[in-house]
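Presented below is the structure to which this report refers.
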Amino acid sequence: MKNHESDMPDPVQDAPEVGPPKESAAGVPAVLSSVRHVGEQAGVRRGVPAMLAVNQKGGFDCPGCAWPEPDRRHRAEFCENGAKAVAEEATRRAVTGDFFARHPVAELFERSGYWLGQQGRLTEPVYLPEGGTHYEPISWDRALDMVAEELHALDTPDGAVFYTSGRTSNEAAFAYQLLARQLGTNNLPDCSNMCHESSGSALTETLGVGKGSVSLEDVHQADLIIVAGQNPGTNHPRMLSALERAKRSGARIVTVNPLPEAGMRAFRNPQNARGLVGRGTELTDLFAQIRLGGDLALFSAVNRLLLEADRSGGKVLDHGFVDAYTHGFEEFAEALLAEPEDEFWARTERDTGLPRALVEELTAMVVASERIVVCWAMGLTQHRHSVPTIREVVNFLLLRGNVGRPGAGVCPVRGHSNVQGDRTMGIFERPADDFLDALGLEFGFEPPREHGHDTVNAIRAMARGEVGVFFAMGGNFVAATPDTEVTEEAMRRVGLTVHVSTKLNRSHVVTGTRALILPALARTDRDLGGDQPRWVTVEDSMGLVHASHGVLPPLSEGMRSEVDIVRGLGRRLFGNDPVDWDAMADYDRVRDHVAAVVPGFGDFNARARRPEGFALPHAPRDDRRFPTATGLANFTVNGTYAPRVPPGRLLLQTLRSHDQYNTTIYGLDDRYRGVRRGRRVVLVNPEDARELGLADGAYTDLVGEWSDGRERRAPHFRVVHYPTARGSAAAYYPETNVLVPLDSTAEVSNTPTSKSVVVRFEPSPERV
Ligand SMILES: Nc1nc2c(c(=O)[nH]1)N[C@H]1C(S)=C(S)[C@@H](COP(=O)(O)OP(=O)(O)OC[C@H]3O[C@@H](n4cnc5c(=O)[nH]c(N)nc54)[C@H](O)[C@@H]3O)O[C@H]1N2
Ligand SMILES: Nc1nc2c(c(=O)[nH]1)N[C@H]1C(S)=C(S)[C@@H](COP(=O)(O)OP(=O)(O)OC[C@H]3O[C@@H](n4cnc5c(=O)[nH]c(N)nc54)[C@H](O)[C@@H]3O)O[C@H]1N2
Ligand SMILES: [Mo]
């Protein structure tokens, strides 16, 4: 095992170089970038077998995004950013016990998240005692005993918080939520609370199921695909192949985004010759360059035009569907048509930044289309009015019966590779009673009924000093959550913080009074139970469940599987009665429990062994059944909210560069946007920049404005004049999380408003 020389300097990140943005995605540069990352991190002996197994039947599920695998797989079924995700995990670099002896926590605190992650895989458990300056090696037994003791010692089970990130397998997630509930708490916040919670909330209320209603086949068959608030070229690159295929069959694509993202312009498919040498496939037919937060106004406007056309005899609505399957149409229509015409258009143009003619052109495309799919991601979910916005997208689809038939439906594109599965397994702070009933029946205990903390409320509880134990199954809580300074203060008030992790990150250096890091096996690693290889399952963004087999020999024997960590803790806490924790060393036993508790998982063990896996039932998609409060698909009245920004300020969205996976930074370039060797950039529309006196290349502090009067400052960003929509600036996450107020969250879903932060600009003092 090679110890990576960790004394490499932290790269200088505040002098980025900027060139013109790219006009197409992937192609040869993507292939070269994949090869470079895999080579540097994993080398040939680990890198080649890993790349041959990713997303293959019998191999492992890519730890990158949640986009599904096509039935007919290419030999190399991966994308550039999947390759980077695999390389990060399959790396040869290792963080060993002596690393922590050489680097005091105070020094690690000064390092960037990028530097921390680059040190390699965590290989043995380490402990930071109260008042300690360094993490020290600790045995697994002592570490788990300590966690069990501290959990036992809590005044109430609700003094524990169990966070989950979305890479955790179904088996580990199921065991983990069981442990929390056997302890007696529903404090199960997860990364979803910051991600697609708004989609889940809106879809559950309107359609009865909080997940997407389309399959990959539906995307291929659609004749109109609207991609709103999503950057698939970077975050779901394999989706571009699906869009390309739909396009070849005659589909048209509408992109709704403040930024002209390269991936939505043209795609050079690295899997075929035309993609490598030609110009690639033009993807977008109509680009709606919308203002941040303007989507509710846009979808409402299209809906109103559809209603008006129908009323004047145009036959554009599917009245058969509306009458038979929906509820609330009349109230919806009345509310939407109430605003006087001229006020309506003035407001629509102001809120969207789009000319009326473009909205009319989009509506004409809609009327000309038989089968419509709407795809979206964080651009729609991370605003104050995200839930109303997504409900309005549902209204839009319901009007023409675009739910529950081939080639049509809702497609929220999930983030983490198993974030959807984790929720299905019961990682949820507000579990349904049916789920708890089934859980209690299967295991013979009474699960807690009171709802637990989501992510934002967990931080508030920590800040109040109510959390004795914070346990994280993956993720990087302090860097991914909003209001970094507030959250760090809150985390420091916890008694014991425990992180089950694969790589070092900021959450290991901002700790409670005592802290543990427990190194976990990852997706790519071979997982032996005795001498038998074990495997897990995951669910993709379209509700397909399939197996994932790790292939690489683990870098160290000190790592444990997530299931083994949870069951070791479970046995220490409760013994083997009524839950037989020891038996779960055999993952088939976990799957048997899942089959008994979670609907749709009947015969789980047999069906998970099918190479192609199996599809979970989805009532609206499968037979137009809508398990909502009314028993029908619900039209909703969503009002007219749009963000308002005082003069001299801009709205800032915080988003991903091409070289990162959430808080894991792969490199310092954002190739498609023309940014190199730095991340502290703020993209500003040139007209806005002129009005605000922001020269291209100038350095500025971003200062957040929020009603509590607390100063939130992200210092020293290079201004980049960029063709983003008016009023809509952009900078990378997590550097800008310090600006997102903890109390600024979406209605209903409580998701932090990471895509609408009001900022002003103050010149940066010269750095020396
Ligand atoms: N390589 C890589 N892959 C990833 C991730 C990663 O970090 N790296 N993260 C994973 C995760 S957890 C997630 S959730 C997904 C995230 O996938 P995305 O949602 O694509 O990620 P973001 O970078 O946040 O990009 C948001 C996009 O929405 C646009 N947008 C922002 N605000 C608005 C708005 O108000 N209206 C509209 N119409 N558009 C808007 C932005 O310009 C940008 O194009 O990706 C997953 N896949
Ligand atoms: N400002 C702003 N904030 C955001 C967002 C935004 O767009 N803007 N996006 C939000 C979104 S969509 C999300 S999903 C969250 C992400 O929040 P998180 O999921 O908490 O963050 P990640 O960066 O994905 O977590 C990375 C860490 O997970 C650990 N890890 C990786 N793989 C494994 C594994 O297999 N097992 C275990 N046990 N650990 C593993 C590694 O130690 C790594 O350092 O961030 C949210 N925060
Ligand atoms: Mo996410």
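Just so we're on the same page: first chain in the structure tokens is A, next is B, and so on; residues restart at 1 for each chain, and ligands are numbered from 1 in the order they show up.
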List every residue of range 391-558 of chain A that DSSP, applied to the backbone of this structure, assigns to alpha helix (DSSP H), and report them as a PDB file with C-alpha atoms, in the first residue's frame.
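Listed below is the output, part.pdb:
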```
ATOM      1  CA  ARG A 391     -46.662  21.564  -9.097  1.00  0.00           C
ATOM      2  CA  GLU A 392     -47.132  23.930 -12.044  1.00  0.00           C
ATOM      3  CA  VAL A 393     -45.014  21.616 -14.222  1.00  0.00           C
ATOM      4  CA  VAL A 394     -47.430  18.849 -13.232  1.00  0.00           C
ATOM      5  CA  ASN A 395     -50.393  21.073 -14.188  1.00  0.00           C
ATOM      6  CA  PHE A 396     -48.706  21.568 -17.543  1.00  0.00           C
ATOM      7  CA  LEU A 397     -48.396  17.838 -18.178  1.00  0.00           C
ATOM      8  CA  LEU A 398     -51.886  17.014 -16.901  1.00  0.00           C
ATOM      9  CA  LEU A 399     -53.523  19.495 -19.292  1.00  0.00           C
ATOM     10  CA  VAL A 419     -30.390   8.678  -3.331  1.00  0.00           C
ATOM     11  CA  GLN A 420     -33.749   7.470  -4.614  1.00  0.00           C
ATOM     12  CA  GLY A 421     -33.197   3.966  -3.232  1.00  0.00           C
ATOM     13  CA  ASP A 422     -32.232   5.301   0.182  1.00  0.00           C
ATOM     14  CA  ARG A 423     -35.597   7.036   0.442  1.00  0.00           C
ATOM     15  CA  THR A 424     -37.398   3.893  -0.722  1.00  0.00           C
ATOM     16  CA  ASP A 433     -47.480   5.169   8.932  1.00  0.00           C
ATOM     17  CA  ASP A 434     -47.832   2.224   6.562  1.00  0.00           C
ATOM     18  CA  PHE A 435     -44.070   1.907   6.401  1.00  0.00           C
ATOM     19  CA  LEU A 436     -43.676   2.052  10.186  1.00  0.00           C
ATOM     20  CA  ASP A 437     -46.490  -0.461  10.661  1.00  0.00           C
ATOM     21  CA  ALA A 438     -44.774  -2.928   8.338  1.00  0.00           C
ATOM     22  CA  LEU A 439     -41.398  -2.335   9.986  1.00  0.00           C
ATOM     23  CA  GLY A 440     -42.809  -2.898  13.468  1.00  0.00           C
ATOM     24  CA  LEU A 441     -44.605  -6.040  12.350  1.00  0.00           C
ATOM     25  CA  GLU A 442     -41.536  -7.539  10.694  1.00  0.00           C
ATOM     26  CA  PHE A 443     -39.233  -6.977  13.666  1.00  0.00           C
ATOM     27  CA  THR A 455     -31.226  18.605   7.476  1.00  0.00           C
ATOM     28  CA  VAL A 456     -32.040  22.230   8.270  1.00  0.00           C
ATOM     29  CA  ASN A 457     -33.867  21.361  11.483  1.00  0.00           C
ATOM     30  CA  ALA A 458     -31.018  19.063  12.523  1.00  0.00           C
ATOM     31  CA  ILE A 459     -28.644  22.046  12.298  1.00  0.00           C
ATOM     32  CA  ARG A 460     -31.036  24.140  14.374  1.00  0.00           C
ATOM     33  CA  ALA A 461     -31.214  21.373  17.001  1.00  0.00           C
ATOM     34  CA  MET A 462     -27.408  21.161  17.084  1.00  0.00           C
ATOM     35  CA  ALA A 463     -27.181  24.915  17.512  1.00  0.00           C
ATOM     36  CA  PHE A 477     -22.375  17.588   6.155  1.00  0.00           C
ATOM     37  CA  VAL A 478     -20.652  20.843   7.105  1.00  0.00           C
ATOM     38  CA  ALA A 479     -19.600  21.611   3.534  1.00  0.00           C
ATOM     39  CA  ALA A 480     -22.832  20.575   1.771  1.00  0.00           C
ATOM     40  CA  THR A 484     -21.219  27.374   6.658  1.00  0.00           C
ATOM     41  CA  GLU A 485     -20.292  29.508   9.661  1.00  0.00           C
ATOM     42  CA  VAL A 486     -23.609  28.911  11.415  1.00  0.00           C
ATOM     43  CA  THR A 487     -23.460  25.192  10.676  1.00  0.00           C
ATOM     44  CA  GLU A 488     -19.865  24.872  11.846  1.00  0.00           C
ATOM     45  CA  GLU A 489     -20.750  26.544  15.143  1.00  0.00           C
ATOM     46  CA  ALA A 490     -23.683  24.161  15.491  1.00  0.00           C
ATOM     47  CA  MET A 491     -21.548  21.087  14.756  1.00  0.00           C
TER      48      MET A 491
END
```
Practice task
Could you give me, as number ranges by chain, every polymer residue with an atom at most 6 Å away from an atom of ligand 2, counting only C-alpha atoms and all ligand atoms?
Solution key: A: 165-168, 191-192, 194-195, 415, 473-477, 480-481, 500-505, 520, 522-523, 654-655, 662-664, 733-734, 737, 754
Problem - Exercise answer, 7 Å around ligand 1 with only C-alpha atoms and all ligand atoms, as a ChimeraX atom specification - result: /A:64-65,81-82,195-196,228-232,234-236,256-259,261,290-295,377-380,414-416,653-662,755
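Among the candidates A:Ile226, A:Ala30, A:Leu286, A:Ile427, the one nearest to Phe267 in chain A when counting only C-alpha atoms is A:Ala30.
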Practice task
Mind checking which residues fall within 12 Å of Leu240 in chain A, counting only C-alpha atoms, ignoring those fewer than 3 positions away in the same chain, and posting them as number ranges by chain?
Solution key: A: 24-27, 67, 78-79, 216, 219-220, 227, 230-237, 243-247, 253, 262-271, 275, 280-284
Practice task
Could you pull out the residues in range 384-434 of chain A that DSSP calls strand (DSSP E or B) from the backbone, as a list in words?
Solution key: Gly409, Val410, Cys411, Pro412 and His416 of chain A
Export, as a tab-separated table (two decimals), in the first residue's frame, the selected residues with N, CA and C atoms.
```
chain	number	residue	atom	x	y	z
A	409	GLY	N	-44.28	12.21	-19.43
A	409	GLY	CA	-44.30	12.16	-17.98
A	409	GLY	C	-43.32	13.11	-17.31
A	410	VAL	N	-43.24	12.96	-15.98
A	410	VAL	CA	-42.34	13.79	-15.16
A	410	VAL	C	-41.01	13.06	-14.98
A	411	CYS	N	-39.92	13.82	-15.10
A	411	CYS	CA	-38.60	13.21	-14.99
A	411	CYS	C	-37.66	14.07	-14.12
A	412	PRO	N	-37.86	14.03	-12.79
A	412	PRO	CA	-36.89	14.69	-11.93
A	412	PRO	C	-35.61	13.85	-11.97
A	416	HIS	N	-27.30	11.81	-6.48
A	416	HIS	CA	-26.47	10.68	-6.06
A	416	HIS	C	-27.01	9.37	-6.61
```
Handout entry: Among listed residues A:Met365, A:Phe329, A:Ser417, A:Glu40, nearest ligand 3 (using only C-alpha atoms and all ligand atoms)
Key =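 Looking at the shortest contact to ligand 3, the residue is A:Ser417.
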Problem - Two-atom distance - CA of Asp582 in chain A, CA of Glu562 in chain A (Å) - result: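 Result for CA of Asp582 in chain A versus CA of Glu562 in chain A: 13.8 Å, one decimal.
Taking only C-alpha atoms, the non-local environment of Arg713 in chain A within 12 Å (same-chain residues fewer than 6 positions away omitted) comprises Asp483, Thr484, Glu485, Thr700, Asp701, Leu702, Val703, Gly704, Glu705, Trp706, Glu735, Thr736, Asn737, Val738, Leu739, Val740, Pro741, Val758, Val759, Arg760, Phe761, Glu762, Pro763 and Ser764 of chain A.
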Handout entry: Given only C-alpha atoms as the counted atoms, nearest of A:Leu179, A:Val469, A:Val95, A:Met425 to Val545 in chain A
Key = A:Met425
Problem - Proximity to ligand 3 - best of A:Asn418, A:Arg92, A:Ala160, A:Val86, only C-alpha atoms and all ligand atoms - result: A:Asn418
Practice task
Just give me the gap between CA of Thr255 in chain A and CA of Arg311 in chain A in Å, one decimal is fine.
Solution key: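 So the answer is 28.1 Å.
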Practice task
With a distance cut-off of 7 Å and only C-alpha atoms, select the neighbouring residues of Asn685 in chain A, excluding the residue or stretch itself and same-chain residues fewer than 5 positions from it, and output the selection as a list in words.
Solution key: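 Non-adjacent residues within range: His721, Tyr722, Pro723, Thr724, Ala725 and Arg726 of chain A.
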For C-alpha atoms, I'd like the residues from the last selection saved as an mmCIF file, in the first residue's frame.
```cif
data_model
loop_
_atom_site.group_PDB
_atom_site.id
_atom_site.type_symbol
_atom_site.label_atom_id
_atom_site.label_comp_id
_atom_site.auth_asym_id
_atom_site.auth_seq_id
_atom_site.Cartn_x
_atom_site.Cartn_y
_atom_site.Cartn_z
ATOM 1 C CA HIS A 721 -18.409 38.545 -17.878
ATOM 2 C CA TYR A 722 -20.555 35.670 -19.012
ATOM 3 C CA PRO A 723 -23.698 35.277 -21.127
ATOM 4 C CA THR A 724 -25.979 34.415 -18.201
ATOM 5 C CA ALA A 725 -29.514 35.834 -18.009
ATOM 6 C CA ARG A 726 -29.916 39.397 -16.710
#
```
Fill in the blank from the handout: If you count only C-alpha atoms and all ligand atoms, the residue of A:Val579, A:Thr636, A:Asp190, A:Tyr163 closest to ligand 3 turns out to be A:Asp190
Practice task
Enter the distance from CA of Gly320 in chain A to CA of Cys375 in chain A, in Å, rounded to one decimal.
Solution key: 25.0 Å
Problem - Nearest residue to ligand 3 from the set A:Glu205, A:Glu17, A:Glu197, A:Glu136 (distances using only C-alpha atoms and all ligand atoms) - result: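 Nearest to ligand 3: A:Glu197.
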Exercise for the section: For Phe162 in chain A, list every protein, DNA or RNA residue within 9 Å, evaluated using only C-alpha atoms, and leave out those in the same chain fewer than 2 positions away; present the list as a PyMOL selection string. Expected result: chain A and resi 160+164+176-177+180+186-190+469-473
